[in-house]
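Chemist: Next up, final-v3.cif (mmCIF, C-alpha atoms).
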data_target
loop_
_atom_site.label_atom_id
_atom_site.label_comp_id
_atom_site.auth_asym_id
_atom_site.auth_seq_id
_atom_site.Cartn_x
_atom_site.Cartn_y
_atom_site.Cartn_z
CA MET A 1 -17.18 48.16 -38.20
CA THR A 2 -17.94 45.66 -35.53
CA LYS A 3 -16.22 42.34 -35.70
CA THR A 4 -18.14 39.32 -34.55
CA SER A 5 -16.78 35.98 -33.64
CA THR A 6 -18.01 32.67 -32.31
CA SER A 7 -16.06 31.16 -29.51
CA LYS A 8 -15.00 27.61 -29.98
CA THR A 9 -15.46 25.58 -26.87
CA ASN A 10 -14.51 22.02 -26.25
CA VAL A 11 -17.34 21.33 -23.87
CA ASN A 12 -19.03 18.76 -26.03
CA LEU A 13 -15.97 17.35 -27.66
CA PRO A 14 -14.69 14.03 -26.50
CA THR A 15 -11.61 14.23 -24.36
CA PRO A 16 -8.76 11.91 -25.25
CA ASN A 17 -9.55 9.55 -22.38
CA MET A 18 -13.30 9.55 -22.72
CA PHE A 19 -13.47 6.31 -24.65
CA GLN A 20 -10.68 4.55 -22.85
CA PRO A 21 -11.85 1.54 -20.88
CA ARG A 22 -11.83 2.47 -17.19
CA THR A 23 -10.62 -0.87 -15.96
CA ASP A 24 -8.87 0.52 -12.88
CA ILE A 25 -11.91 2.32 -11.51
CA GLU A 26 -14.56 0.38 -9.62
CA SER A 27 -18.14 1.45 -9.85
CA ASP A 28 -20.25 2.08 -6.76
CA ALA A 29 -22.36 -0.91 -7.78
CA GLU A 30 -19.29 -3.17 -7.77
CA ILE A 31 -18.28 -1.93 -4.33
CA ASP A 32 -21.83 -2.37 -3.01
CA LEU A 33 -22.01 -5.87 -4.42
CA PHE A 34 -18.66 -6.74 -2.87
CA TYR A 35 -19.81 -5.39 0.51
CA ASP A 36 -22.95 -7.53 0.32
CA GLN A 37 -20.78 -10.55 -0.44
CA ILE A 38 -18.47 -10.08 2.54
CA LYS A 39 -21.02 -8.89 5.12
CA GLY A 40 -21.53 -12.42 6.39
CA LYS A 41 -17.79 -12.98 6.67
CA LEU A 42 -17.35 -9.69 8.52
CA ASP A 43 -20.20 -10.64 10.87
CA ARG A 44 -18.39 -13.84 11.75
CA LEU A 45 -15.44 -11.80 13.02
CA ALA A 46 -17.68 -10.23 15.69
CA LYS A 47 -16.71 -11.04 19.25
CA ASN A 48 -18.01 -10.48 22.74
CA PRO A 49 -16.12 -9.43 25.84
CA GLN A 50 -15.70 -12.07 28.53
CA ASP A 51 -18.45 -12.46 31.13
CA GLU A 52 -15.84 -11.59 33.74
CA THR A 53 -15.39 -8.14 32.19
CA ILE A 54 -19.15 -7.54 32.12
CA ASN A 55 -19.43 -8.65 35.74
CA LYS A 56 -16.64 -6.26 36.79
CA ILE A 57 -18.46 -3.38 35.10
CA LEU A 58 -21.75 -4.27 36.78
CA ALA A 59 -19.99 -4.66 40.15
CA TYR A 60 -18.37 -1.23 39.74
CA SER A 61 -21.76 0.26 38.92
CA SER A 62 -23.43 -1.33 41.95
CA ALA A 63 -20.69 -0.07 44.23
CA LYS A 64 -20.96 3.53 42.97
CA MET B 1 -40.32 -4.77 33.88
CA ASN B 2 -39.36 -5.91 30.36
CA LEU B 3 -36.49 -3.62 29.43
CA GLN B 4 -35.85 -5.22 26.04
CA SER B 5 -38.59 -3.08 24.48
CA TYR B 6 -37.09 0.15 25.84
CA ASN B 7 -34.99 2.38 23.61
CA ASP B 8 -31.48 3.35 24.69
CA GLN B 9 -32.48 6.74 26.03
CA ASP B 10 -35.18 5.20 28.23
CA LEU B 11 -32.69 2.63 29.50
CA VAL B 12 -30.31 5.43 30.40
CA LYS B 13 -33.12 7.12 32.36
CA VAL B 14 -33.97 3.85 34.11
CA TYR B 15 -30.33 3.42 35.07
CA ILE B 16 -29.90 7.01 36.26
CA ALA B 17 -33.03 6.52 38.37
CA GLY B 18 -31.19 3.73 40.18
CA ASN B 19 -32.18 0.54 38.36
CA GLU B 20 -29.02 -1.44 37.55
CA ASN B 21 -30.96 -3.50 35.00
CA GLY B 22 -30.89 -0.49 32.69
CA LEU B 23 -27.11 -0.75 32.37
CA GLN B 24 -27.28 -4.52 32.11
CA GLU B 25 -29.63 -4.26 29.12
CA LEU B 26 -27.50 -1.56 27.46
CA LEU B 27 -24.47 -3.81 27.85
CA ARG B 28 -26.31 -6.83 26.48
CA ARG B 29 -27.52 -4.81 23.52
CA HIS B 30 -24.27 -3.13 22.54
CA LYS B 31 -21.37 -5.14 23.99
CA SER B 32 -20.53 -7.00 20.77
CA LYS B 33 -20.64 -3.87 18.59
CA ILE B 34 -18.38 -1.93 20.92
CA TYR B 35 -16.03 -4.76 21.82
CA THR B 36 -15.53 -5.94 18.22
CA SER B 37 -14.70 -2.41 17.10
CA ILE B 38 -12.12 -2.06 19.88
CA TYR B 39 -10.71 -5.54 19.36
CA LEU B 40 -10.19 -5.15 15.62
CA LEU B 41 -8.45 -1.83 16.20
CA VAL B 42 -6.06 -2.94 18.95
CA LYS B 43 -5.72 -6.58 17.87
CA ASP B 44 -5.24 -7.84 21.40
CA GLN B 45 -7.98 -9.55 23.37
CA TYR B 46 -6.78 -8.53 26.82
CA LEU B 47 -6.15 -4.93 25.84
CA ALA B 48 -9.58 -4.82 24.20
CA GLU B 49 -11.18 -6.13 27.42
CA ASP B 50 -9.39 -3.41 29.42
CA ILE B 51 -10.41 -0.63 27.05
CA PHE B 52 -13.98 -1.90 26.95
CA GLN B 53 -14.08 -1.92 30.75
CA ASP B 54 -12.52 1.55 31.02
CA ALA B 55 -15.00 2.92 28.50
CA PHE B 56 -17.94 1.66 30.58
CA ILE B 57 -16.44 2.97 33.80
CA LYS B 58 -16.38 6.40 32.15
CA VAL B 59 -19.97 5.82 31.00
CA ILE B 60 -21.06 4.92 34.53
CA ASN B 61 -19.26 7.90 36.07
CA THR B 62 -20.78 10.31 33.57
CA LEU B 63 -24.30 8.91 33.93
CA ARG B 64 -24.09 8.85 37.72
CA SER B 65 -22.84 12.42 37.88
CA GLY B 66 -25.72 13.66 35.71
CA ARG B 67 -23.42 14.96 32.98
CA TYR B 68 -24.87 12.83 30.19
CA ASN B 69 -26.40 14.91 27.44
CA GLU B 70 -26.41 12.92 24.25
CA GLU B 71 -30.17 12.92 23.64
CA GLY B 72 -30.68 9.28 22.83
CA LYS B 73 -27.43 8.70 21.00
CA PHE B 74 -26.04 6.28 23.52
CA LEU B 75 -24.05 4.02 21.16
CA PRO B 76 -22.22 6.78 19.25
CA TRP B 77 -21.38 8.36 22.60
CA VAL B 78 -19.87 5.14 23.99
CA MET B 79 -18.08 4.57 20.68
CA ARG B 80 -16.56 8.04 20.96
CA ILE B 81 -15.32 7.26 24.49
CA ALA B 82 -13.89 3.91 23.33
CA HIS B 83 -12.34 5.49 20.25
CA ASN B 84 -10.63 8.15 22.37
CA LEU B 85 -9.30 5.49 24.75
CA VAL B 86 -7.83 3.56 21.79
CA ILE B 87 -6.18 6.74 20.50
CA ASP B 88 -4.85 7.49 24.01
CA TYR B 89 -3.41 4.00 24.21
CA PHE B 90 -1.52 4.27 20.91
CA ARG B 91 -0.38 7.79 21.79
CA LYS B 92 0.92 6.59 25.13
CA GLU B 93 2.67 3.67 23.53
CA LYS B 94 3.99 6.06 20.88
CA ARG B 95 3.36 3.54 18.21
CA THR B 96 0.87 2.81 15.52
CA PRO B 97 -0.90 -0.50 15.27
CA ILE B 98 1.40 -3.23 14.00
CA ILE B 99 0.46 -6.39 12.21
CA THR B 100 0.84 -9.42 14.38
CA SER B 101 -0.27 -12.97 14.09
CA ALA B 102 -0.46 -13.35 17.86
CA ASP B 103 -4.06 -13.70 18.88
CA GLY B 104 -6.05 -14.68 21.91
CA MET B 105 -8.60 -17.46 22.06
CA ASP B 106 -11.04 -16.91 19.26
CA VAL B 107 -14.70 -17.39 20.10
CA PHE B 108 -15.44 -18.08 16.44
CA ASN B 109 -12.96 -20.93 16.32
CA MET B 110 -14.56 -22.50 19.35
CA LEU B 111 -17.89 -22.88 17.59
CA HIS B 112 -18.63 -26.28 16.16
CA PHE B 113 -19.91 -26.76 12.65
CA TYR B 114 -20.91 -30.38 12.48
CA ASP B 115 -22.02 -30.36 8.86
CA GLU B 116 -18.80 -29.33 7.26
CA SER B 117 -15.87 -31.44 6.22
CA ALA B 118 -12.37 -31.01 7.65
CA GLU B 119 -11.35 -29.40 4.38
CA ASP B 120 -14.27 -26.95 4.52
CA LYS B 121 -13.39 -26.09 8.10
CA MET B 122 -9.78 -25.43 7.16
CA LEU B 123 -10.88 -23.20 4.31
CA ARG B 124 -13.33 -21.33 6.55
CA ASP B 125 -10.69 -20.84 9.23
CA GLN B 126 -8.22 -19.62 6.63
CA THR B 127 -10.72 -17.17 5.10
CA HIS B 128 -11.57 -15.94 8.60
CA LYS B 129 -7.89 -15.35 9.41
CA ASP B 130 -7.21 -13.79 6.01
CA LEU B 131 -10.06 -11.32 6.31
CA LYS B 132 -9.02 -10.30 9.82
CA ALA B 133 -5.43 -9.82 8.64
CA MET B 134 -6.64 -7.78 5.66
CA ILE B 135 -8.69 -5.50 7.90
CA HIS B 136 -5.55 -4.93 9.98
CA LEU B 137 -3.66 -3.98 6.82
CA LEU B 138 -6.08 -1.17 5.97
CA PRO B 139 -4.96 2.39 6.73
CA ASP B 140 -6.20 3.35 10.20
CA GLU B 141 -8.72 5.93 9.02
CA GLN B 142 -10.31 3.44 6.60
CA LYS B 143 -10.32 0.68 9.17
CA GLU B 144 -12.02 2.94 11.73
CA VAL B 145 -14.86 3.82 9.36
CA LEU B 146 -15.36 0.21 8.31
CA LEU B 147 -15.52 -0.98 11.92
CA MET B 148 -17.79 1.83 13.08
CA ARG B 149 -20.13 1.35 10.14
CA HIS B 150 -20.26 -2.42 10.05
CA TYR B 151 -19.87 -3.48 13.68
CA ALA B 152 -21.06 -0.46 15.64
CA ASP B 153 -23.79 0.24 13.08
CA LEU B 154 -23.17 3.99 13.21
CA SER B 155 -24.49 6.27 10.47
CA PHE B 156 -22.00 8.13 8.28
CA LYS B 157 -23.11 11.34 10.00
CA GLU B 158 -22.27 9.83 13.39
CA ILE B 159 -18.94 8.53 12.10
CA ALA B 160 -18.14 11.92 10.58
CA ASP B 161 -18.90 13.65 13.90
CA LEU B 162 -16.89 11.12 15.84
CA THR B 163 -13.82 11.33 13.65
CA ASP B 164 -14.04 15.08 12.94
CA VAL B 165 -14.35 14.78 9.16
CA SER B 166 -17.09 15.58 6.67
CA ILE B 167 -19.72 13.01 5.76
CA ASN B 168 -18.25 12.80 2.26
CA THR B 169 -14.83 11.99 3.68
CA ALA B 170 -16.33 9.26 5.88
CA LEU B 171 -18.18 7.85 2.87
CA GLY B 172 -15.01 8.00 0.78
CA ARG B 173 -13.01 6.19 3.45
CA MET B 174 -15.59 3.41 3.62
CA ARG B 175 -15.45 3.07 -0.16
CA TYR B 176 -11.65 2.94 -0.13
CA ALA B 177 -11.68 0.40 2.68
CA LEU B 178 -13.98 -1.89 0.70
CA SER B 179 -12.05 -1.31 -2.51
CA ASN B 180 -8.78 -2.19 -0.78
CA LEU B 181 -10.26 -5.29 0.83
CA ARG B 182 -11.56 -6.35 -2.58
CA LYS B 183 -8.13 -5.91 -4.15
CA MET B 184 -6.44 -7.84 -1.34
CA LEU B 185 -8.94 -10.70 -1.62
CA LYS B 186 -8.45 -10.81 -5.39
CA THR B 187 -4.69 -10.97 -4.95
CA LYS B 188 -5.10 -13.71 -2.38
CA GLU B 189 -7.34 -15.72 -4.70
CA MET B 190 -4.79 -15.35 -7.50
CA THR B 191 -2.08 -16.60 -5.14
CA TYR B 192 -4.17 -19.67 -4.29
CA LYS B 193 -4.87 -20.35 -7.97
CA GLY B 194 -1.31 -19.63 -9.08
#
Would you encode the structure as structure tokens?

Modeler:
Amino acid sequence: MTKTSTSKTNVNLPTPNMFQPRTDIESDAEIDLFYDQIKGKLDRLAKNPQDETINKILAYSSAK
Amino acid sequence: MNLQSYNDQDLVKVYIAGNENGLQELLRRHKSKIYTSIYLLVKDQYLAEDIFQDAFIKVINTLRSGRYNEEGKFLPWVMRIAHNLVIDYFRKEKRTPIITSADGMDVFNMLHFYDESAEDKMLRDQTHKDLKAMIHLLPDEQKEVLLMRHYADLSFKEIADLTDVSINTALGRMRYALSNLRKMLKTKEMTYKG
């Protein structure tokens, strides 16, 4: 006689944490929104080298 | 000849052919991206100027010797040179970047904003300083990706190649950098309110 059985899988069952609020995890959308908000502030940190440095580089190039 | 309409690769060709204006235009186009990335990594204006200059001396030597083979990717190539010089510096000094409040003259602070009140200016200056300090607090690998992505405008593929990691790792580091900055700003806001 052949015995048959049906395996019981938990694939579709909710895991214990499935319905817990994920307050500590940020969504990609939140991160993207935050990046958009600080882009302007980050841009304002941009700096340029001194003209003297640029002139030294150009002088080196001309002398080569 | 109006070089502003040329792409980087054409400017490199112009320069190799002997026209100094090619280099001048490349410098004008990319100096802020490269310098800001170096400056925010080393946190010292004079050191950043030196590294910027050394990077371009290497660029000039390579272009002049005909060894350049980056097929149009001029900026990532210069960023790689600058990045390696920064790493060499910290290796030589046998130290990792440390947080310091010492700073050179800040171009931003020299700008005049006539429309804002003294209080607004103080707040803006404080936010500016806070954000810079927070960037310095990020782990080096996150800071690198943030600077290369935001200031040098490199793609994640270019950043991944430059830092020898996968694209997913580079993307993850950018995400962590932003997440950490967000947390730090939140904490700061709570401190102000508290």

Chemist: Near chain A, which residues of chain B fall within 8 Å when you count only C-alpha atoms, and what do they look like as a PyMOL selection string?

Modeler: chain B and resi 20+23-24+27+31-33+35-36+49+52-53+56-57+60+107-108+128+131-132+150-151+175+178-179+182

Chemist: Written as an mmCIF file with C-alpha atoms, keeping the file's coordinate frame, which residues does the PyMOL selection byres ((chain B and resi 160) around 12) give for the file shown?

Modeler:
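Here's the written file part-v3.cif:
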data_model
loop_
_atom_site.group_PDB
_atom_site.id
_atom_site.type_symbol
_atom_site.label_atom_id
_atom_site.label_comp_id
_atom_site.auth_asym_id
_atom_site.auth_seq_id
_atom_site.Cartn_x
_atom_site.Cartn_y
_atom_site.Cartn_z
ATOM 1 C CA PRO B 76 -22.220 6.780 19.250
ATOM 2 C CA ARG B 80 -16.560 8.040 20.960
ATOM 3 C CA GLU B 141 -8.720 5.930 9.020
ATOM 4 C CA GLU B 144 -12.020 2.940 11.730
ATOM 5 C CA VAL B 145 -14.860 3.820 9.360
ATOM 6 C CA MET B 148 -17.790 1.830 13.080
ATOM 7 C CA ARG B 149 -20.130 1.350 10.140
ATOM 8 C CA LEU B 154 -23.170 3.990 13.210
ATOM 9 C CA SER B 155 -24.490 6.270 10.470
ATOM 10 C CA PHE B 156 -22.000 8.130 8.280
ATOM 11 C CA LYS B 157 -23.110 11.340 10.000
ATOM 12 C CA GLU B 158 -22.270 9.830 13.390
ATOM 13 C CA ILE B 159 -18.940 8.530 12.100
ATOM 14 C CA ASP B 161 -18.900 13.650 13.900
ATOM 15 C CA LEU B 162 -16.890 11.120 15.840
ATOM 16 C CA THR B 163 -13.820 11.330 13.650
ATOM 17 C CA ASP B 164 -14.040 15.080 12.940
ATOM 18 C CA VAL B 165 -14.350 14.780 9.160
ATOM 19 C CA SER B 166 -17.090 15.580 6.670
ATOM 20 C CA ILE B 167 -19.720 13.010 5.760
ATOM 21 C CA ASN B 168 -18.250 12.800 2.260
ATOM 22 C CA THR B 169 -14.830 11.990 3.680
ATOM 23 C CA ALA B 170 -16.330 9.260 5.880
ATOM 24 C CA LEU B 171 -18.180 7.850 2.870
ATOM 25 C CA GLY B 172 -15.010 8.000 0.780
ATOM 26 C CA ARG B 173 -13.010 6.190 3.450
ATOM 27 C CA MET B 174 -15.590 3.410 3.620
#

Chemist: Could you work out how far atom CA of Leu26 of chain B lies from atom CA of Asn2 of chain B, giving the answer in Å with one decimal?

Modeler: 13.0 Å

Chemist: Distance atom CA of Val14 of chain B-atom CA of Ile51 of chain B, one decimal place?

Modeler: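 Separation between atom CA of Val14 of chain B and atom CA of Ile51 of chain B: 25.0 Å.
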
Chemist: Show me the residues close to (-34.7, 6.5, 25.1) - anything with an atom within 12 Å, counting all atoms listed in the file - and format the list as a short mmCIF file (atom, residue, chain, number, x, y, z; two decimals) with C-alpha atoms, in the coordinates of the input.

Modeler:
data_model
loop_
_atom_site.label_atom_id
_atom_site.label_comp_id
_atom_site.auth_asym_id
_atom_site.auth_seq_id
_atom_site.Cartn_x
_atom_site.Cartn_y
_atom_site.Cartn_z
CA LEU B 3 -36.49 -3.62 29.43
CA GLN B 4 -35.85 -5.22 26.04
CA SER B 5 -38.59 -3.08 24.48
CA TYR B 6 -37.09 0.15 25.84
CA ASN B 7 -34.99 2.38 23.61
CA ASP B 8 -31.48 3.35 24.69
CA GLN B 9 -32.48 6.74 26.03
CA ASP B 10 -35.18 5.20 28.23
CA LEU B 11 -32.69 2.63 29.50
CA VAL B 12 -30.31 5.43 30.40
CA LYS B 13 -33.12 7.12 32.36
CA VAL B 14 -33.97 3.85 34.11
CA TYR B 15 -30.33 3.42 35.07
CA GLY B 22 -30.89 -0.49 32.69
CA LEU B 26 -27.50 -1.56 27.46
CA GLU B 70 -26.41 12.92 24.25
CA GLU B 71 -30.17 12.92 23.64
CA GLY B 72 -30.68 9.28 22.83
CA LYS B 73 -27.43 8.70 21.00
CA PHE B 74 -26.04 6.28 23.52
CA LEU B 75 -24.05 4.02 21.16
#

Chemist: So for segment 29-33 of chain B, what box centre and size do we get, axis-aligned, 8 Å extra on each of the six sides, every listed atom, Å to one decimal, as JSON?

Modeler:
{"center_x": -24.0, "center_y": -5.1, "center_z": 21.3, "size_x": 23.0, "size_y": 19.9, "size_z": 21.4}

Chemist: Record the distance separating atom CA of Ala63 of chain A and atom CA of Ile87 of chain B, expressed in Å with one decimal.

Modeler: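 Here the two named atoms are 28.6 Å from each other.
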